[in-house]
>>> print(open('input_22.json').read())   # JSON, C-alpha atoms
[["chain", "number", "residue", "atom", "x", "y", "z"],
["A", 1, "MET", "CA", -12.24, 50.83, -47.15],
["A", 2, "THR", "CA", -9.47, 53.40, -47.10],
["A", 3, "GLY", "CA", -7.67, 55.13, -49.90],
["A", 4, "PRO", "CA", -7.97, 57.96, -52.41],
["A", 5, "PHE", "CA", -11.37, 59.56, -52.85],
["A", 6, "ASP", "CA", -13.58, 58.04, -55.54],
["A", 7, "ALA", "CA", -12.34, 59.49, -58.83],
["A", 8, "SER", "CA", -15.80, 59.03, -60.33],
["A", 9, "LEU", "CA", -16.78, 62.18, -58.43],
["A", 10, "LEU", "CA", -14.26, 64.25, -60.33],
["A", 11, "ALA", "CA", -16.21, 67.13, -61.87],
["A", 12, "SER", "CA", -13.33, 68.55, -63.91],
["A", 13, "HIS", "CA", -9.57, 68.25, -64.21],
["A", 14, "ASP", "CA", -9.09, 70.16, -60.96],
["A", 15, "MET", "CA", -12.35, 69.91, -59.01],
["A", 16, "PHE", "CA", -13.72, 67.14, -56.80],
["A", 17, "ARG", "CA", -17.41, 67.32, -56.03],
["A", 18, "ILE", "CA", -17.62, 65.93, -52.51],
["A", 19, "GLY", "CA", -21.38, 66.02, -52.06],
["A", 20, "LYS", "CA", -24.27, 68.04, -53.38],
["A", 21, "ASP", "CA", -22.86, 71.32, -52.10],
["A", 22, "GLU", "CA", -19.19, 70.71, -51.25],
["A", 23, "PHE", "CA", -16.30, 71.06, -53.70],
["A", 24, "CYS", "CA", -12.53, 70.65, -53.36],
["A", 25, "VAL", "CA", -10.48, 72.45, -56.01],
["A", 26, "GLU", "CA", -6.78, 72.10, -56.82],
["A", 27, "GLY", "CA", -4.94, 75.24, -57.86],
["A", 28, "THR", "CA", -1.18, 75.56, -58.10],
["A", 29, "ALA", "CA", -0.30, 72.48, -56.02],
["A", 30, "VAL", "CA", -2.66, 73.68, -53.29],
["A", 31, "ASN", "CA", -6.37, 73.21, -52.61],
["A", 32, "TRP", "CA", -9.30, 75.41, -51.69],
["A", 33, "ILE", "CA", -12.82, 74.34, -50.75],
["A", 34, "LEU", "CA", -16.22, 75.73, -51.68],
["A", 35, "LEU", "CA", -19.32, 75.15, -49.55],
["A", 36, "ARG", "CA", -22.72, 76.07, -50.98],
["A", 37, "GLU", "CA", -26.03, 76.90, -49.36],
["A", 38, "GLY", "CA", -28.59, 78.22, -51.83],
["A", 39, "ARG", "CA", -26.95, 81.17, -53.57],
["A", 40, "ASP", "CA", -24.37, 81.69, -50.81],
["A", 41, "LEU", "CA", -20.86, 80.25, -50.58],
["A", 42, "THR", "CA", -18.14, 79.76, -48.01],
["A", 43, "LEU", "CA", -14.58, 79.56, -49.30],
["A", 44, "ILE", "CA", -11.94, 77.75, -47.26],
["A", 45, "ASP", "CA", -8.45, 79.01, -48.18],
["A", 46, "ALA", "CA", -7.57, 81.04, -51.25],
["A", 47, "GLY", "CA", -4.56, 79.63, -53.11],
["A", 48, "TYR", "CA", -1.47, 81.53, -54.26],
["A", 49, "PRO", "CA", -1.61, 85.12, -55.54],
["A", 50, "GLY", "CA", -1.37, 83.68, -59.04],
["A", 51, "ASP", "CA", -4.45, 81.50, -58.45],
["A", 52, "VAL", "CA", -6.95, 84.38, -58.41],
["A", 53, "ALA", "CA", -8.26, 83.70, -61.93],
["A", 54, "ALA", "CA", -8.45, 79.94, -61.31],
["A", 55, "LEU", "CA", -10.29, 80.51, -58.03],
["A", 56, "GLU", "CA", -12.86, 82.75, -59.69],
["A", 57, "ALA", "CA", -13.20, 80.22, -62.53],
["A", 58, "SER", "CA", -13.93, 77.45, -60.01],
["A", 59, "ILE", "CA", -16.69, 79.57, -58.51],
["A", 60, "ALA", "CA", -18.16, 80.13, -61.96],
["A", 61, "GLU", "CA", -17.90, 76.41, -62.72],
["A", 62, "ILE", "CA", -20.46, 75.66, -60.00],
["A", 63, "GLY", "CA", -22.77, 78.41, -61.25],
["A", 64, "HIS", "CA", -21.85, 81.20, -58.87],
["A", 65, "ARG", "CA", -20.14, 84.59, -58.75],
["A", 66, "PRO", "CA", -17.36, 85.79, -56.41],
["A", 67, "GLU", "CA", -19.94, 88.12, -54.87],
["A", 68, "ASP", "CA", -21.70, 85.02, -53.51],
["A", 69, "VAL", "CA", -18.81, 84.23, -51.14],
["A", 70, "ARG", "CA", -19.95, 85.31, -47.68],
["A", 71, "ALA", "CA", -16.53, 84.79, -46.08],
["A", 72, "VAL", "CA", -13.17, 83.11, -46.60],
["A", 73, "LEU", "CA", -12.12, 80.83, -43.76],
["A", 74, "VAL", "CA", -8.36, 80.47, -43.49],
["A", 75, "THR", "CA", -6.69, 77.30, -42.23],
["A", 76, "HIS", "CA", -3.40, 79.19, -41.84],
["A", 77, "ALA", "CA", -1.87, 82.33, -43.29],
["A", 78, "HIS", "CA", 0.87, 80.98, -45.57],
["A", 79, "VAL", "CA", 1.13, 82.52, -49.02],
["A", 80, "ASP", "CA", -0.34, 79.46, -50.76],
["A", 81, "HIS", "CA", -3.53, 79.72, -48.70],
["A", 82, "VAL", "CA", -4.14, 83.49, -48.62],
["A", 83, "GLY", "CA", -3.21, 84.58, -52.14],
["A", 84, "ALA", "CA", -6.64, 85.79, -53.24],
["A", 85, "LEU", "CA", -7.77, 87.32, -49.93],
["A", 86, "ASN", "CA", -6.85, 90.92, -50.72],
["A", 87, "HIS", "CA", -8.32, 90.70, -54.22],
["A", 88, "LEU", "CA", -11.62, 89.33, -52.90],
["A", 89, "HIS", "CA", -11.81, 91.93, -50.16],
["A", 90, "GLU", "CA", -10.88, 94.90, -52.33],
["A", 91, "ARG", "CA", -13.18, 93.96, -55.21],
["A", 92, "TYR", "CA", -16.12, 92.33, -53.43],
["A", 93, "GLY", "CA", -15.75, 93.23, -49.74],
["A", 94, "THR", "CA", -15.27, 89.58, -48.76],
["A", 95, "PRO", "CA", -14.14, 89.13, -45.12],
["A", 96, "ALA", "CA", -11.29, 86.78, -44.17],
["A", 97, "LEU", "CA", -11.79, 84.89, -40.90],
["A", 98, "MET", "CA", -9.35, 82.75, -38.95],
["A", 99, "HIS", "CA", -8.31, 81.65, -35.45],
["A", 100, "PRO", "CA", -7.30, 84.59, -33.23],
["A", 101, "ASP", "CA", -3.77, 83.19, -32.98],
["A", 102, "GLU", "CA", -3.46, 83.26, -36.77],
["A", 103, "VAL", "CA", -4.41, 86.90, -37.29],
["A", 104, "PRO", "CA", -0.86, 88.18, -36.56],
["A", 105, "ASN", "CA", 0.51, 85.86, -39.24],
["A", 106, "ALA", "CA", -1.97, 87.26, -41.75],
["A", 107, "THR", "CA", -1.37, 90.91, -40.88],
["A", 108, "GLY", "CA", 2.42, 90.54, -41.04],
["A", 109, "GLU", "CA", 3.08, 91.06, -37.34],
["A", 110, "ARG", "CA", 4.45, 87.52, -37.09],
["A", 111, "HIS", "CA", 6.08, 85.15, -39.59],
["A", 112, "GLU", "CA", 5.74, 81.42, -38.98],
["A", 113, "SER", "CA", 6.72, 79.86, -42.28],
["A", 114, "ALA", "CA", 9.51, 77.99, -44.03],
["A", 115, "THR", "CA", 12.14, 80.05, -45.82],
["A", 116, "PRO", "CA", 13.20, 79.84, -49.47],
["A", 117, "THR", "CA", 16.50, 78.43, -48.21],
["A", 118, "ASP", "CA", 14.65, 75.52, -46.58],
["A", 119, "VAL", "CA", 13.18, 74.60, -49.96],
["A", 120, "ALA", "CA", 16.37, 75.29, -51.93],
["A", 121, "LYS", "CA", 18.24, 72.71, -49.87],
["A", 122, "ARG", "CA", 15.96, 70.06, -51.32],
["A", 123, "ALA", "CA", 15.73, 71.37, -54.88],
["A", 124, "TRP", "CA", 18.27, 68.83, -56.19],
["A", 125, "ARG", "CA", 15.33, 66.46, -56.72],
["A", 126, "PRO", "CA", 13.84, 67.10, -60.20],
["A", 127, "ALA", "CA", 10.25, 66.97, -58.91],
["A", 128, "VAL", "CA", 11.06, 69.52, -56.23],
["A", 129, "ALA", "CA", 12.82, 71.81, -58.71],
["A", 130, "ARG", "CA", 9.81, 71.72, -61.05],
["A", 131, "TRP", "CA", 7.44, 72.42, -58.16],
["A", 132, "SER", "CA", 9.62, 75.29, -56.91],
["A", 133, "LEU", "CA", 9.58, 76.92, -60.33],
["A", 134, "ARG", "CA", 5.82, 76.48, -60.66],
["A", 135, "ILE", "CA", 4.97, 77.98, -57.27],
["A", 136, "THR", "CA", 7.44, 80.83, -57.75],
["A", 137, "ARG", "CA", 5.55, 81.77, -60.90],
["A", 138, "ALA", "CA", 2.34, 81.67, -58.83],
["A", 139, "GLY", "CA", 3.72, 84.11, -56.27],
["A", 140, "ALA", "CA", 5.37, 81.90, -53.66],
["A", 141, "THR", "CA", 8.03, 84.49, -52.85],
["A", 142, "GLN", "CA", 5.44, 87.15, -52.06],
["A", 143, "HIS", "CA", 4.37, 87.93, -48.51],
["A", 144, "PRO", "CA", 0.78, 89.19, -48.71],
["A", 145, "VAL", "CA", -0.26, 91.41, -45.81],
["A", 146, "VAL", "CA", -3.94, 90.80, -45.09],
["A", 147, "ALA", "CA", -4.82, 93.92, -43.15],
["A", 148, "HIS", "CA", -8.52, 93.02, -42.98],
["A", 149, "ALA", "CA", -7.89, 89.61, -41.34],
["A", 150, "ALA", "CA", -10.28, 89.00, -38.45],
["A", 151, "ALA", "CA", -10.92, 86.26, -35.89],
["A", 152, "PHE", "CA", -14.07, 84.15, -35.85],
["A", 153, "ALA", "CA", -16.70, 85.60, -33.60],
["A", 154, "ALA", "CA", -17.82, 82.43, -31.83],
["A", 155, "ASP", "CA", -17.08, 78.84, -30.85],
["A", 156, "GLY", "CA", -18.97, 75.96, -32.42],
["A", 157, "PRO", "CA", -20.54, 75.99, -35.91],
["A", 158, "LEU", "CA", -20.08, 79.24, -37.78],
["A", 159, "ASP", "CA", -23.10, 81.00, -39.25],
["A", 160, "LEU", "CA", -21.87, 80.46, -42.79],
["A", 161, "PRO", "CA", -22.83, 78.15, -45.65],
["A", 162, "GLY", "CA", -21.92, 74.57, -44.75],
["A", 163, "ARG", "CA", -21.95, 75.39, -41.02],
["A", 164, "PRO", "CA", -18.21, 74.69, -40.68],
["A", 165, "VAL", "CA", -16.89, 74.04, -37.18],
["A", 166, "PRO", "CA", -13.39, 75.43, -36.48],
["A", 167, "VAL", "CA", -11.00, 73.02, -34.76],
["A", 168, "HIS", "CA", -7.74, 74.50, -33.46],
["A", 169, "VAL", "CA", -4.80, 72.29, -34.48],
["A", 170, "PRO", "CA", -1.68, 74.36, -33.72],
["A", 171, "GLY", "CA", 1.76, 73.31, -34.82],
["A", 172, "HIS", "CA", 2.04, 74.08, -38.51],
["A", 173, "THR", "CA", 1.35, 77.63, -37.33],
["A", 174, "SER", "CA", 0.10, 78.92, -33.98],
["A", 175, "GLY", "CA", -3.43, 79.41, -35.24],
["A", 176, "SER", "CA", -3.61, 76.49, -37.66],
["A", 177, "THR", "CA", -7.26, 75.43, -37.90],
["A", 178, "ALA", "CA", -9.15, 72.51, -39.40],
["A", 179, "TYR", "CA", -12.82, 72.92, -40.32],
["A", 180, "LEU", "CA", -15.20, 70.07, -39.57],
["A", 181, "LEU", "CA", -18.05, 69.81, -42.09],
["A", 182, "PRO", "CA", -20.63, 67.67, -40.27],
["A", 183, "GLU", "CA", -23.14, 67.43, -43.12],
["A", 184, "ALA", "CA", -20.47, 66.06, -45.45],
["A", 185, "GLY", "CA", -18.75, 63.88, -42.85],
["A", 186, "ALA", "CA", -15.55, 65.65, -43.86],
["A", 187, "VAL", "CA", -12.80, 67.77, -42.39],
["A", 188, "ALA", "CA", -10.79, 70.43, -44.20],
["A", 189, "THR", "CA", -7.35, 69.95, -42.66],
["A", 190, "GLY", "CA", -5.25, 72.61, -44.36],
["A", 191, "ASP", "CA", -1.61, 71.64, -43.79],
["A", 192, "ALA", "CA", -2.25, 69.95, -40.44],
["A", 193, "LEU", "CA", -2.76, 66.70, -42.39],
["A", 194, "VAL", "CA", -2.05, 66.34, -46.11],
["A", 195, "THR", "CA", -2.25, 63.47, -48.59],
["A", 196, "GLY", "CA", 0.37, 64.48, -51.15],
["A", 197, "HIS", "CA", 3.10, 66.99, -51.95],
["A", 198, "PRO", "CA", 6.15, 67.10, -54.25],
["A", 199, "LEU", "CA", 8.40, 66.97, -51.18],
["A", 200, "LEU", "CA", 6.75, 63.75, -49.98],
["A", 201, "ARG", "CA", 7.85, 60.36, -51.28],
["A", 202, "ARG", "CA", 4.56, 58.55, -50.65],
["A", 203, "PRO", "CA", 0.84, 59.34, -51.04],
["A", 204, "GLY", "CA", -1.74, 59.10, -48.27],
["A", 205, "PRO", "CA", -2.47, 60.97, -45.02],
["A", 206, "GLN", "CA", 0.69, 62.36, -43.42],
["A", 207, "LEU", "CA", 2.42, 65.49, -42.20],
["A", 208, "LEU", "CA", 4.49, 67.78, -44.35],
["A", 209, "PRO", "CA", 8.28, 67.75, -43.76],
["A", 210, "SER", "CA", 8.96, 69.22, -40.33],
["A", 211, "PHE", "CA", 10.79, 72.30, -41.62],
["A", 212, "PHE", "CA", 7.42, 73.62, -42.80],
["A", 213, "ASP", "CA", 6.09, 73.61, -39.21],
["A", 214, "HIS", "CA", 6.46, 76.45, -36.73],
["A", 215, "ASP", "CA", 6.35, 73.86, -33.90],
["A", 216, "PRO", "CA", 6.89, 70.29, -35.20],
["A", 217, "ASP", "CA", 6.06, 68.66, -31.86],
["A", 218, "ARG", "CA", 2.73, 70.43, -31.61],
["A", 219, "ALA", "CA", 2.00, 69.52, -35.24],
["A", 220, "VAL", "CA", 2.33, 65.84, -34.30],
["A", 221, "ALA", "CA", 0.21, 66.32, -31.19],
["A", 222, "ALA", "CA", -2.51, 68.01, -33.29],
["A", 223, "LEU", "CA", -3.02, 64.75, -35.18],
["A", 224, "ASP", "CA", -4.65, 63.32, -32.07],
["A", 225, "VAL", "CA", -7.24, 66.11, -32.20],
["A", 226, "ILE", "CA", -7.90, 65.41, -35.87],
["A", 227, "GLY", "CA", -8.19, 61.68, -35.25],
["A", 228, "ARG", "CA", -11.03, 62.21, -32.77],
["A", 229, "LEU", "CA", -13.23, 64.13, -35.20],
["A", 230, "ASP", "CA", -16.47, 62.59, -36.44],
["A", 231, "ALA", "CA", -15.51, 62.40, -40.11],
["A", 232, "ASP", "CA", -14.22, 59.87, -42.62],
["A", 233, "LEU", "CA", -13.22, 62.19, -45.44],
["A", 234, "VAL", "CA", -10.07, 64.33, -45.43],
["A", 235, "LEU", "CA", -10.05, 67.46, -47.60],
["A", 236, "PRO", "CA", -6.37, 68.43, -47.36],
["A", 237, "GLY", "CA", -4.51, 71.58, -48.23],
["A", 238, "HIS", "CA", -2.26, 69.50, -50.48],
["A", 239, "GLY", "CA", -3.09, 66.23, -52.22],
["A", 240, "ASP", "CA", -6.33, 64.51, -53.20],
["A", 241, "PRO", "CA", -9.35, 64.05, -50.92],
["A", 242, "TRP", "CA", -9.04, 60.79, -48.98],
["A", 243, "ARG", "CA", -11.72, 58.62, -47.39],
["A", 244, "GLY", "CA", -11.07, 56.19, -44.55],
["A", 245, "ASP", "CA", -10.70, 55.71, -40.80],
["A", 246, "LEU", "CA", -9.58, 59.14, -39.61],
["A", 247, "ALA", "CA", -8.27, 57.93, -36.25],
["A", 248, "LEU", "CA", -6.14, 55.26, -37.93],
["A", 249, "ALA", "CA", -4.89, 57.74, -40.53],
["A", 250, "ALA", "CA", -3.87, 60.23, -37.84],
["A", 251, "THR", "CA", -2.09, 57.53, -35.83],
["A", 252, "ARG", "CA", -0.13, 56.35, -38.86],
["A", 253, "ALA", "CA", 0.75, 59.91, -39.86],
["A", 254, "ALA", "CA", 2.15, 60.56, -36.38],
["A", 255, "ARG", "CA", 4.46, 57.56, -36.70],
["A", 256, "LEU", "CA", 5.89, 58.36, -40.14],
["A", 257, "ASP", "CA", 9.45, 59.58, -40.30],
["A", 258, "ARG", "CA", 9.73, 63.16, -41.53]]
>>> encode(input="input_22.json", output="structure tokens")
Amino acid sequence: MTGPFDASLLASHDMFRIGKDEFCVEGTAVNWILLREGRDLTLIDAGYPGDVAALEASIAEIGHRPEDVRAVLVTHAHVDHVGALNHLHERYGTPALMHPDEVPNATGERHESATPTDVAKRAWRPAVARWSLRITRAGATQHPVVAHAAAFAADGPLDLPGRPVPVHVPGHTSGSTAYLLPEAGAVATGDALVTGHPLLRRPGPQLLPSFFDHDPDRAVAALDVIGRLDADLVLPGHGDPWRGDLALAATRAARLDR
């Protein structure tokens, strides 16, 4: 059966409990993921700058402290995914790890993102206008420089809670990365595959509008990589978790008009 993730697993208004030790949290129209192993946590992505309090509250909700986060894994270095990185590093010493090709985006040496003009062109739709106002209040116009950004040290499973496996899926950005979570049968896809967004007219697995992508053709090609992963649960950067045939979902997403 395919479709939205079982809503009975909803732990609160903004948190899905995926398994015993995996949680997907919605912030300001963007998600982050918490993986737990004993008293240690891995955080995947970090919301907007304005999501810092909500992120720390989500950690507290599962009985932990920000100090328990051993590292933040970044799917890509857009403002809605790196907003809390500097706060976590400055206050708790938390490292931020990502694909080597993504480090320049995080440190400000390179900029692979949509512009405010790209969004403004579509703001005539009421839903888009409301979303634009909401994310602006959360810090969408900021450009955080993550000076401490570093690349993962090894291929294969990372030595972090949840044993996430980085999977390079370039296109949205050069270093865009999904994280396979073998124990949960899930994959954190960031913006390489989403299930909902105010700029999308339909729910379900798909790509964001192409103007968000640094290389739209590579973003489509990356779906083939995602479709071959051994998982049946998508934990997207935007939209609800989704369970189903990942290969079929990736194929359909590649065919949708954007």
>>> atom_distance(input="input_22.json", atom1="CA of Trp124 in chain A", atom2="CA of Thr136 in chain A")
16.2 Å
>>> closest_residue(input="input_22.json", among="A:Val169, A:Leu248, A:Leu233, A:Leu200", to="Pro216 in chain A", atoms="only C-alpha atoms")
A:Val169
>>> atom_distance(input="input_22.json", atom1="CA of Ala138 in chain A", atom2="CA of Val194 in chain A")
20.4 Å
>>> axis_aligned_box(input="input_22.json", around="range 145-157 of chain A", padding_each_side="8 Å", output="lines of an AutoDock Vina configuration file")
center_x = -10.4
center_y = 84.9
center_z = -38.3
size_x = 36.3
size_y = 34.0
size_z = 31.0
>>> residues_near_point(input="input_22.json", point="(2.6, 82.3, -57.3)", cutoff="6 Å", atoms="all atoms listed in the file", output="list in words")
Tyr48, Pro49, Gly50, Ile135, Thr136, Arg137, Ala138, Gly139 and Ala140 of chain A
>>> closest_residue(input="input_22.json", among="A:Leu158, A:Ala147, A:Leu97, A:Ala231", to="Val187 in chain A", atoms="only C-alpha atoms")
A:Ala231
>>> decode(input="input_22.json", residues="range 122-147 of chain A", atoms="C-alpha atoms", output="compact mmCIF listing (two decimals), in the first residue's frame")
# COMPACT_ATOMS: atom_id res chain seq x y z
CA ARG A 122 4.69 33.08 -8.12
CA ALA A 123 3.40 35.02 -5.11
CA TRP A 124 0.12 35.92 -6.83
CA ARG A 125 -1.26 32.63 -5.48
CA PRO A 126 -2.68 33.23 -1.97
CA ALA A 127 -1.10 30.06 -0.57
CA VAL A 128 2.30 31.08 -1.90
CA ALA A 129 1.95 34.61 -0.51
CA ARG A 130 1.08 33.26 2.94
CA TRP A 131 4.01 30.83 2.81
CA SER A 132 6.39 33.59 1.66
CA LEU A 133 5.39 35.79 4.58
CA ARG A 134 5.74 32.92 7.05
CA ILE A 135 9.22 31.88 5.92
CA THR A 136 10.40 35.49 5.73
CA ARG A 137 9.51 35.84 9.39
CA ALA A 138 11.52 32.66 10.04
CA GLY A 139 14.62 34.09 8.38
CA ALA A 140 14.30 33.02 4.74
CA THR A 141 16.08 36.13 3.47
CA GLN A 142 19.14 35.47 5.62
CA HIS A 143 22.24 33.79 4.24
CA PRO A 144 23.88 31.97 7.17
CA VAL A 145 27.61 31.38 6.76
CA VAL A 146 28.49 28.08 8.42
CA ALA A 147 32.22 28.49 8.88
